[in-house]
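Chemist: Contents of model-v2.pdb (PDB, C-alpha atoms and all ligand atoms) are below:
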MODEL        1
ATOM      1  CA  MET A 663      80.362 108.891  89.422
ATOM      2  CA  ILE A 664      83.238 107.773  91.634
ATOM      3  CA  LYS A 665      82.925 104.374  93.254
ATOM      4  CA  ILE A 666      85.215 103.298  96.109
ATOM      5  CA  ILE A 667      85.013  99.950  97.894
ATOM      6  CA  THR A 668      86.205  99.917 101.494
ATOM      7  CA  ILE A 669      87.253  97.030 103.724
ATOM      8  CA  ALA A 670      88.206  97.304 107.382
ATOM      9  CA  ASP A 671      89.884  95.185 110.050
ATOM     10  CA  ILE A 672      90.315  91.932 108.131
ATOM     11  CA  HIS A 673      92.224  90.466 111.123
ATOM     12  CA  TYR A 674      93.451  87.386 109.281
ATOM     13  CA  GLY A 675      95.106  84.771 111.503
ATOM     14  CA  LYS A 676      94.237  82.846 114.624
ATOM     15  CA  ASN A 677      90.968  83.757 116.313
ATOM     16  CA  THR A 678      91.520  86.397 118.998
ATOM     17  CA  LEU A 679      88.734  87.276 121.448
ATOM     18  CA  THR A 680      85.772  87.940 119.123
ATOM     19  CA  LYS A 681      87.857  88.440 115.960
ATOM     20  CA  ARG A 682      87.154  85.466 113.653
ATOM     21  CA  GLY A 683      90.479  85.511 111.840
ATOM     22  CA  ASP A 684      89.900  81.960 110.632
ATOM     23  CA  THR A 685      87.134  83.167 108.298
ATOM     24  CA  ALA A 686      89.108  86.002 106.664
ATOM     25  CA  LEU A 687      90.398  84.292 103.517
ATOM     26  CA  SER A 688      87.091  82.664 102.559
ATOM     27  CA  LEU A 689      85.301  85.993 103.140
ATOM     28  CA  LEU A 690      87.896  87.700 100.939
ATOM     29  CA  ASP A 691      86.980  85.261  98.164
ATOM     30  CA  GLU A 692      83.408  86.621  98.394
ATOM     31  CA  PHE A 693      84.781  90.165  98.593
ATOM     32  CA  ASN A 694      86.817  89.652  95.403
ATOM     33  CA  LEU A 695      83.730  88.469  93.516
ATOM     34  CA  PHE A 696      81.852  91.568  94.723
ATOM     35  CA  VAL A 697      84.719  93.850  93.663
ATOM     36  CA  ASP A 698      85.030  92.395  90.177
ATOM     37  CA  ASN A 699      81.278  92.660  89.710
ATOM     38  CA  GLU A 700      81.072  96.291  90.913
ATOM     39  CA  LYS A 701      84.253  97.489  89.168
ATOM     40  CA  PRO A 702      85.035 100.382  91.532
ATOM     41  CA  ASP A 703      87.655 103.033  90.764
ATOM     42  CA  PHE A 704      89.730 101.612  93.607
ATOM     43  CA  ILE A 705      89.633  99.817  96.976
ATOM     44  CA  VAL A 706      90.709 101.269 100.325
ATOM     45  CA  ASP A 707      91.883  98.839 103.004
ATOM     46  CA  LEU A 708      91.416 100.652 106.322
ATOM     47  CA  GLY A 709      93.996  98.532 108.168
ATOM     48  CA  ASP A 710      94.336  95.821 110.823
ATOM     49  CA  ARG A 711      94.818  93.186 108.142
ATOM     50  CA  ILE A 712      96.107  90.563 110.574
ATOM     51  CA  ASN A 713      95.940  89.236 114.113
ATOM     52  CA  ASP A 714      99.581  89.752 114.992
ATOM     53  CA  VAL A 715     101.781  86.979 116.407
ATOM     54  CA  ASP A 716     105.468  87.743 115.821
ATOM     55  CA  LYS A 717     107.558  89.127 112.963
ATOM     56  CA  LYS A 718     107.955  85.877 111.010
ATOM     57  CA  ASN A 719     104.297  84.906 111.269
ATOM     58  CA  ASP A 720     103.087  88.453 110.603
ATOM     59  CA  ILE A 721     105.084  88.664 107.361
ATOM     60  CA  ASN A 722     103.459  85.431 106.184
ATOM     61  CA  LEU A 723      99.967  86.613 107.177
ATOM     62  CA  GLN A 724     100.418  89.958 105.403
ATOM     63  CA  LYS A 725     101.769  88.253 102.273
ATOM     64  CA  LYS A 726      98.706  86.001 102.157
ATOM     65  CA  ILE A 727      96.422  89.051 102.370
ATOM     66  CA  PHE A 728      98.393  90.747  99.583
ATOM     67  CA  LYS A 729      98.080  87.636  97.402
ATOM     68  CA  LYS A 730      94.369  87.215  98.123
ATOM     69  CA  LEU A 731      93.480  90.854  97.379
ATOM     70  CA  ASN A 732      95.515  90.650  94.169
ATOM     71  CA  GLU A 733      93.052  88.025  92.928
ATOM     72  CA  ASN A 734      90.601  90.827  92.112
ATOM     73  CA  LYS A 735      91.259  93.195  89.212
ATOM     74  CA  ILE A 736      91.144  96.499  91.119
ATOM     75  CA  LYS A 737      93.933  98.524  92.745
ATOM     76  CA  THR A 738      93.912  98.548  96.554
ATOM     77  CA  TYR A 739      95.293 101.428  98.602
ATOM     78  CA  HIS A 740      96.405 100.206 102.022
ATOM     79  CA  ILE A 741      96.434 101.959 105.379
ATOM     80  CA  CYS A 742      98.162 100.317 108.343
ATOM     81  CA  GLY A 743      96.260  99.630 111.558
ATOM     82  CA  ASN A 744      97.729  99.069 115.001
ATOM     83  CA  HIS A 745      97.932  95.274 114.517
ATOM     84  CA  ASP A 746      99.891  95.737 111.275
ATOM     85  CA  VAL A 747     102.674  97.599 113.066
ATOM     86  CA  VAL A 748     103.089  95.633 116.319
ATOM     87  CA  ASN A 749     105.892  93.490 114.873
ATOM     88  CA  LEU A 750     106.405  95.063 111.437
ATOM     89  CA  SER A 751     107.641  98.510 110.496
ATOM     90  CA  ILE A 752     105.900 100.724 107.971
ATOM     91  CA  SER A 753     108.714 100.057 105.496
ATOM     92  CA  GLU A 754     108.261  96.282 105.908
ATOM     93  CA  ASN A 755     104.553  96.732 105.158
ATOM     94  CA  GLU A 756     105.478  98.910 102.163
ATOM     95  CA  GLU A 757     107.725  96.164 100.830
ATOM     96  CA  ILE A 758     105.039  93.479 101.187
ATOM     97  CA  PHE A 759     102.276  95.604  99.621
ATOM     98  CA  ASN A 760     104.533  97.203  97.017
ATOM     99  CA  GLN A 761     103.339 100.754  97.669
ATOM    100  CA  SER A 762     104.224 103.832  99.680
ATOM    101  CA  LEU A 763     102.365 104.038 102.988
ATOM    102  CA  GLU A 764     102.841 107.753 103.548
ATOM    103  CA  ASN A 765      99.961 110.242 103.629
ATOM    104  CA  GLU A 766      98.509 110.572 100.141
ATOM    105  CA  VAL A 767      96.061 112.693  98.156
ATOM    106  CA  ILE A 768      94.106 111.376  95.186
ATOM    107  CA  LEU A 769      92.388 114.053  93.070
ATOM    108  CA  LEU A 770      89.532 112.557  91.099
ATOM    109  CA  ASN A 771      86.537 114.199  89.366
ATOM    110  CA  ASN A 772      86.571 117.304  91.572
ATOM    111  CA  TYR A 773      86.967 115.401  94.809
ATOM    112  CA  LYS A 774      89.976 115.322  97.095
ATOM    113  CA  ILE A 775      90.436 111.837  98.520
ATOM    114  CA  ILE A 776      92.873 111.674 101.406
ATOM    115  CA  LEU A 777      94.597 108.564 102.723
ATOM    116  CA  TRP A 778      95.598 109.752 106.178
ATOM    117  CA  ARG A 779      98.212 107.246 107.254
ATOM    118  CA  ALA A 780      98.919 108.734 110.661
ATOM    119  CA  ASP A 781     100.824 106.723 113.262
ATOM    120  CA  THR A 782      98.722 103.785 114.510
ATOM    121  CA  LYS A 783     101.238 102.267 116.884
ATOM    122  CA  ILE A 784      99.971 101.813 120.452
ATOM    123  CA  TYR A 785     102.607 103.096 122.844
ATOM    124  CA  HIS A 786     103.186 101.505 126.239
ATOM    125  CA  THR A 787     105.279 103.477 128.703
ATOM    126  CA  ASP A 788     105.188 103.807 132.488
ATOM    127  CA  ASN A 789     102.831 106.772 132.432
ATOM    128  CA  PHE A 790     101.151 106.507 129.018
ATOM    129  CA  ARG A 791      99.348 103.823 127.037
ATOM    130  CA  GLY A 792      97.607 104.597 123.765
ATOM    131  CA  PHE A 793      97.874 106.288 120.369
ATOM    132  CA  LYS A 794      99.732 109.487 119.618
ATOM    133  CA  ILE A 795      99.181 111.928 116.759
ATOM    134  CA  ASN A 796     102.426 113.032 115.249
ATOM    135  CA  GLU A 797     102.248 116.853 114.970
ATOM    136  CA  MET A 798     103.378 116.695 111.331
ATOM    137  CA  ASP A 799     100.443 114.372 110.497
ATOM    138  CA  PHE A 800      98.088 116.794 112.227
ATOM    139  CA  ILE A 801      99.428 119.780 110.286
ATOM    140  CA  TRP A 802      99.480 117.889 106.983
ATOM    141  CA  LEU A 803      95.843 116.802 107.259
ATOM    142  CA  ASN A 804      94.682 120.169 108.489
ATOM    143  CA  THR A 805      96.397 121.984 105.615
ATOM    144  CA  GLU A 806      95.002 119.630 102.959
ATOM    145  CA  VAL A 807      91.440 119.954 104.308
ATOM    146  CA  ILE A 808      91.355 123.669 105.075
ATOM    147  CA  ASN A 809      92.873 124.619 101.706
ATOM    148  CA  SER A 810      90.684 122.315  99.644
ATOM    149  CA  LYS A 811      88.508 123.908  96.959
ATOM    150  CA  VAL A 812      86.611 120.659  96.395
ATOM    151  CA  PRO A 813      84.764 118.210  98.718
ATOM    152  CA  VAL A 814      87.071 116.054 100.826
ATOM    153  CA  ILE A 815      86.825 112.364 101.694
ATOM    154  CA  ILE A 816      89.299 111.207 104.364
ATOM    155  CA  PHE A 817      90.233 107.603 105.135
ATOM    156  CA  SER A 818      92.130 106.543 108.266
ATOM    157  CA  HIS A 819      92.478 103.537 110.527
ATOM    158  CA  VAL A 820      91.982 105.206 113.912
ATOM    159  CA  PRO A 821      88.872 107.413 114.121
ATOM    160  CA  ILE A 822      88.624 110.954 115.409
ATOM    161  CA  SER A 823      84.832 110.614 115.525
ATOM    162  CA  PRO A 824      82.765 112.098 118.365
ATOM    163  CA  ALA A 825      80.457 109.011 118.256
ATOM    164  CA  SER A 826      79.839 107.237 121.569
ATOM    165  CA  LEU A 827      81.695 103.989 122.306
ATOM    166  CA  ILE A 828      79.163 102.882 124.946
ATOM    167  CA  GLY A 829      78.269  99.249 124.286
ATOM    168  CA  ASN A 830      81.420  98.580 122.274
ATOM    169  CA  TYR A 831      82.962  95.277 123.400
ATOM    170  CA  TYR A 832      86.537  96.540 123.130
ATOM    171  CA  PHE A 833      86.332 100.233 123.784
ATOM    172  CA  GLN A 834      83.491 101.041 126.198
ATOM    173  CA  ASN A 835      85.923 100.661 129.077
ATOM    174  CA  ASN A 836      88.967 101.675 127.021
ATOM    175  CA  PRO A 837      87.885 104.825 125.179
ATOM    176  CA  SER A 838      91.423 106.208 124.973
ATOM    177  CA  PHE A 839      92.312 103.217 122.765
ATOM    178  CA  GLY A 840      89.298 103.834 120.491
ATOM    179  CA  SER A 841      90.460 107.127 119.004
ATOM    180  CA  TYR A 842      93.376 109.531 118.987
ATOM    181  CA  PRO A 843      93.816 111.191 122.397
ATOM    182  CA  ASN A 844      93.463 114.720 121.072
ATOM    183  CA  SER A 845      90.742 114.067 118.495
ATOM    184  CA  SER A 846      88.643 117.040 119.568
ATOM    185  CA  ARG A 847      91.551 119.372 118.770
ATOM    186  CA  LEU A 848      91.688 117.972 115.241
ATOM    187  CA  ARG A 849      87.913 118.116 114.796
ATOM    188  CA  ASN A 850      87.855 121.712 115.985
ATOM    189  CA  SER A 851      90.472 122.517 113.405
ATOM    190  CA  LEU A 852      88.932 120.625 110.464
ATOM    191  CA  CYS A 853      85.581 122.321 110.955
ATOM    192  CA  LYS A 854      87.110 125.523 109.595
ATOM    193  CA  ALA A 855      87.008 123.923 106.123
ATOM    194  CA  SER A 856      84.730 125.640 103.641
ATOM    195  CA  MET A 857      84.032 122.486 101.616
ATOM    196  CA  PRO A 858      82.085 119.356 102.676
ATOM    197  CA  VAL A 859      84.210 116.853 104.615
ATOM    198  CA  PHE A 860      83.493 113.141 105.164
ATOM    199  CA  PHE A 861      85.790 111.082 107.402
ATOM    200  CA  LEU A 862      85.687 107.240 107.349
ATOM    201  CA  SER A 863      87.745 105.065 109.690
ATOM    202  CA  GLY A 864      88.036 101.465 110.843
ATOM    203  CA  HIS A 865      89.430 100.243 114.170
ATOM    204  CA  VAL A 866      86.360 100.311 116.466
ATOM    205  CA  HIS A 867      84.735  97.255 114.851
ATOM    206  CA  TRP A 868      81.275  98.644 114.353
ATOM    207  CA  ASN A 869      79.390 100.928 112.043
ATOM    208  CA  SER A 870      78.759 104.444 113.304
ATOM    209  CA  PHE A 871      77.546 107.768 111.990
ATOM    210  CA  ALA A 872      78.076 111.135 113.678
ATOM    211  CA  GLN A 873      78.096 114.746 112.625
ATOM    212  CA  GLU A 874      79.833 117.591 114.395
ATOM    213  CA  ASP A 875      79.924 121.163 113.189
ATOM    214  CA  GLY A 876      78.927 120.128 109.664
ATOM    215  CA  ILE A 877      81.508 117.343 109.262
ATOM    216  CA  THR A 878      80.409 113.723 108.866
ATOM    217  CA  TYR A 879      82.301 111.017 110.769
ATOM    218  CA  LEU A 880      81.792 107.342 109.930
ATOM    219  CA  THR A 881      83.312 104.115 111.177
ATOM    220  CA  GLN A 882      82.999 100.814 109.339
ATOM    221  CA  GLN A 883      82.511  97.366 110.816
ATOM    222  CA  SER A 884      85.305  94.802 110.536
ATOM    223  CA  LEU A 885      85.114  91.965 107.991
ATOM    224  CA  THR A 886      85.507  89.309 110.690
ATOM    225  CA  GLU A 887      84.194  90.848 113.940
ATOM    226  CA  SER A 888      81.615  88.721 115.760
ATOM    227  CA  PHE A 889      80.786  90.501 119.050
ATOM    228  CA  SER A 890      77.657  92.066 117.612
ATOM    229  CA  ASN A 891      76.655  89.150 115.370
ATOM    230  CA  TYR A 892      76.055  86.244 117.772
ATOM    231  CA  GLY A 893      79.552  84.812 117.312
ATOM    232  CA  LYS A 894      79.483  84.851 113.506
ATOM    233  CA  PRO A 895      81.698  87.198 111.454
ATOM    234  CA  ALA A 896      79.920  90.374 110.332
ATOM    235  CA  LYS A 897      81.083  89.874 106.700
ATOM    236  CA  SER A 898      81.188  93.638 106.287
ATOM    237  CA  TRP A 899      82.585  95.677 103.460
ATOM    238  CA  GLY A 900      81.491  99.060 102.205
ATOM    239  CA  GLN A 901      80.929 101.052  99.069
ATOM    240  CA  ILE A 902      81.117 104.827  98.706
ATOM    241  CA  SER A 903      79.484 106.478  95.684
ATOM    242  CA  LEU A 904      80.186 110.113  94.885
ATOM    243  CA  ASP A 905      78.145 112.121  92.399
ATOM    244  CA  ASN A 906      75.938 114.951  93.640
ATOM    245  CA  LYS A 907      75.501 112.891  96.826
ATOM    246  CA  PHE A 908      77.827 111.130  99.236
ATOM    247  CA  SER A 909      76.467 107.599  99.652
ATOM    248  CA  TRP A 910      77.951 104.957 101.948
ATOM    249  CA  LYS A 911      76.552 101.467 102.070
ATOM    250  CA  VAL A 912      77.902  98.640 104.225
ATOM    251  CA  TYR A 913      77.047  95.113 103.109
ATOM    252  CA  GLY A 914      77.008  91.910 105.172
ATOM    253  CA  ASP A 915      75.189  90.916 108.340
ATOM    254  CA  GLU A 916      75.262  94.432 109.857
ATOM    255  CA  PRO A 917      74.171  96.641 106.974
ATOM    256  CA  ILE A 918      73.895 100.407 107.052
ATOM    257  CA  GLU A 919      73.151 102.887 104.278
ATOM    258  CA  ILE A 920      73.574 106.657 104.385
ATOM    259  CA  SER A 921      73.095 109.193 101.619
ATOM    260  CA  LEU A 922      73.838 112.887 102.083
ATOM    261  CA  ASP A 923      73.748 115.908  99.814
ATOM    262  CA  ILE A 924      77.145 117.297  99.010
ATOM    263  CA  LYS A 925      76.790 121.020  99.387
ATOM    264  CA  LYS A 926      79.004 123.837 100.472
ATOM    265  CA  ARG A 927      79.078 124.114 104.229
ATOM    266  CA  ASN A 928      76.698 126.736 105.606
ATOM    267  CA  ILE A 929      78.562 128.087 108.581
ATOM    268  CA  ILE A 930      76.408 130.187 110.902
ATOM    269  CA  THR A 931      77.655 131.073 114.342
ATOM    270  CA  PRO A 932      75.376 129.322 116.890
ATOM    271  CA  LEU A 933      73.182 131.399 119.179
ATOM    272  CA  GLY A 934      74.502 132.458 122.542
ATOM    273  CA  SER A 935      73.398 130.803 125.789
ATOM    274  CA  PHE A 936      69.680 130.946 126.747
ATOM    275  CA  SER A 937      70.727 132.246 130.149
ATOM    276  CA  SER A 938      68.578 134.405 132.388
ATOM    277  CA  SER A 939      70.825 137.338 131.659
ATOM    278  CA  ASN A 940      70.047 137.141 127.961
ATOM    279  CA  GLN A 941      66.451 138.372 127.941
ATOM    280  CA  ASP A 942      66.344 138.978 124.208
ATOM    281  CA  LEU A 943      67.051 135.300 123.357
ATOM    282  CA  ARG A 944      64.625 133.974 125.993
ATOM    283  CA  ALA A 945      61.820 136.035 124.509
ATOM    284  CA  LYS A 946      62.298 134.240 121.166
TER     285      LYS A 946
HETATM  286 FE    FE A1001      90.884  96.045 114.425
ENDMDL
END
Step by step, read the file and then write its structure as structure tokens.
Modeler:
Amino acid sequence: MIKIITIADIHYGKNTLTKRGDTALSLLDEFNLFVDNEKPDFIVDLGDRINDVDKKNDINLQKKIFKKLNENKIKTYHICGNHDVVNLSISENEEIFNQSLENEVILLNNYKIILWRADTKIYHTDNFRGFKINEMDFIWLNTEVINSKVPVIIFSHVPISPASLIGNYYFQNNPSFGSYPNSSRLRNSLCKASMPVFFLSGHVHWNSFAQEDGITYLTQQSLTESFSNYGKPAKSWGQISLDNKFSWKVYGDEPIEISLDIKKRNIITPLGSFSSSNQDLRAK
């Protein structure tokens, strides 16, 4: 069995809106105890490690996260979120975390695990504000998923999930900041995969589950988010187990647990419209 522990949106630093950055390091102490007890194959950090301030402060915040996560015995793969790249470049993050932060594939026990480190910078121009998908990132992910002969698990910071953002403190009124602008194009492309695909992201600061055209989209709650927990941090981290099932369990004050069979996708073209002109379908 493969075991992966996931942590999202640590947001260490000064408190910002409902992000309880002041609680991050003490919660990471609890996280490290959990990790060393569970002994996963590896950890995935889904990004937004800090509440950004400026370059000097952000370097210090990131270094403290690196040091704290190094207190457990398990390797962590990092993905950058939008707050990690406001004042720091990808190469500065690479230097602090001592690893490449390019797109990456991990092949393990007949699973393809993808760290999709697409651009998470939020762009502000006169006529555009939001995320952009670099075309090369789109093509890279699409090729890896479509050509896979084994089940695929994808990790990213920004979701491409079709799940509703209604009720989300940050994104109900800012949906274009809650996912990539052309997510449906990517989803429509990924659904041509013949193998099961599971896609877990951070960024939206709540747990969600959605399926579209046979693909499962999940988002994981932030470690320190408080908007849905009466002002207290959610204390969330997750664990994915892969054997003959895909199981995802989020711990903390907002738990969720999902277990799905991993089976080859059964692609059947949906029925046509039940329109009045289609008498044959209406009769059934
Ligand atoms: Fe975040």
Chemist: Edge lengths and centre, in Å to one decimal, as AutoDock Vina command-line options: that's what I need for the box along x, y and z that holds all listed atoms of segment 685-698 of chain A plus 5 Å on each side.
Modeler:
--center_x 86.1 --center_y 88.3 --center_z 99.2 --size_x 18.5 --size_y 21.2 --size_z 28.1
Chemist: Point out the residue among A:Phe833, A:Phe800, A:Tyr773, A:Trp910 with the least atom-to-atom distance to ligand FE 1001 (chain A), counting only C-alpha atoms and all ligand atoms.
Modeler: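 For ligand FE 1001 (chain A), the nearest of the candidates is A:Phe833.
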Chemist: What is the distance between atom CA of Ser751 of chain A and atom CA of Ser838 of chain A, in Å to one decimal?
Modeler: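 According to the coordinates, atom CA of Ser751 of chain A and atom CA of Ser838 of chain A are separated by 23.1 Å.
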Chemist: For this structure, which residues satisfy the selection - the PyMOL selection byres (((not hetatm)) within 9 of (chain A and resi 1001)) - when it is evaluated on the file as given? I want them as an NGL selection string.
Modeler: :A and (670-673 or 681 or 709-713 or 743-745 or 819 or 864-867 or 884 or 887)
Chemist: I need the residue set behind the PyMOL selection byres (((chain A and resi 664) around 9) and not hetatm) for this file; please write it as a JSON list (two decimals) with C-alpha atoms, in the frame of the given file.
Modeler:
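part_21.json was written with the following content:
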[["chain", "number", "residue", "atom", "x", "y", "z"],
["A", 663, "MET", "CA", 80.36, 108.89, 89.42],
["A", 665, "LYS", "CA", 82.92, 104.37, 93.25],
["A", 666, "ILE", "CA", 85.22, 103.30, 96.11],
["A", 702, "PRO", "CA", 85.04, 100.38, 91.53],
["A", 703, "ASP", "CA", 87.66, 103.03, 90.76],
["A", 770, "LEU", "CA", 89.53, 112.56, 91.10],
["A", 771, "ASN", "CA", 86.54, 114.20, 89.37],
["A", 902, "ILE", "CA", 81.12, 104.83, 98.71],
["A", 903, "SER", "CA", 79.48, 106.48, 95.68],
["A", 904, "LEU", "CA", 80.19, 110.11, 94.88],
["A", 905, "ASP", "CA", 78.14, 112.12, 92.40]]
Chemist: Could you list the residues chosen by the PyMOL selection byres (((chain A and resi 817) around 6) and not hetatm) in this structure as an mmCIF file with C-alpha atoms, keeping the file's coordinate frame?
Modeler:
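Produced file selection-v6.cif, reproduced below:
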data_model
loop_
_atom_site.group_PDB
_atom_site.id
_atom_site.type_symbol
_atom_site.label_atom_id
_atom_site.label_comp_id
_atom_site.auth_asym_id
_atom_site.auth_seq_id
_atom_site.Cartn_x
_atom_site.Cartn_y
_atom_site.Cartn_z
ATOM 1 C CA LEU A 777 94.597 108.564 102.723
ATOM 2 C CA TRP A 778 95.598 109.752 106.178
ATOM 3 C CA ILE A 816 89.299 111.207 104.364
ATOM 4 C CA SER A 818 92.130 106.543 108.266
ATOM 5 C CA LEU A 862 85.687 107.240 107.349
ATOM 6 C CA SER A 863 87.745 105.065 109.690
#
Chemist: For a test of reading the model, state the distance in Å between atom CA of Ala686 of chain A and atom CA of Asp716 of chain A, rounded to one decimal.
Modeler: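 Between these atoms lies a distance of 18.8 Å.
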Chemist: Between A:Ile768, A:Lys907, A:Leu723, A:Thr787, which has the minimum distance to Asp684 of chain A (counting all atoms listed in the file)?
Modeler: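 Ranked by minimum distance to Asp684 of chain A, first place goes to A:Leu723.
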Chemist: In Å, rounded to a single decimal, give me how far atom CA of Leu708 of chain A is from atom CA of Lys735 of chain A.
Modeler: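 Rounded to one decimal, the two atoms are 18.7 Å apart.
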Chemist: Between A:Val748, A:Ile822, A:Tyr831, A:Phe860, which is the closest to Ser890 of chain A once you count only C-alpha atoms?
Modeler: A:Tyr831
Chemist: Determine, counting all atoms listed in the file, which protein, DNA and RNA residues have an atom within 12 Å of an atom of Ser688 of chain A; residues of the same chain fewer than 2 positions away are not included. Present the result as a PyMOL selection string.
Modeler: chain A and resi 672+674+682-686+690-695+727+730-731+885-886+895+897
Chemist: Measuring atom to atom with only C-alpha atoms, identify which of A:Thr668, A:Tyr739, A:Phe839, A:Ala825 is nearest to His786 of chain A.
Modeler: A:Phe839
Chemist: Near Asn804 of chain A, within 9 Å and counting only C-alpha atoms, which residues show up once chain neighbours fewer than 5 positions away are dropped, as a list in words?
Modeler: Asp799, Asn809, Leu848, Ser851, Leu852 and Ala855 of chain A
Chemist: Phe759 of chain A: which residues within 9 Å, counting only C-alpha atoms, same-chain residues fewer than 3 positions away excluded, as a list in words?
Modeler: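 Surrounding residues, per the criterion: Gln724, Lys725, Phe728, His740, Glu754, Asn755, Glu756 and Ser762 of chain A.
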Chemist: Pick out the closest residue to Phe889 of chain A from this set: A:Ile667, A:Ile741, A:Leu679, A:Val814. Count all atoms listed in the file.
Modeler: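 Among the listed residues, the smallest separation from Phe889 of chain A belongs to A:Leu679.
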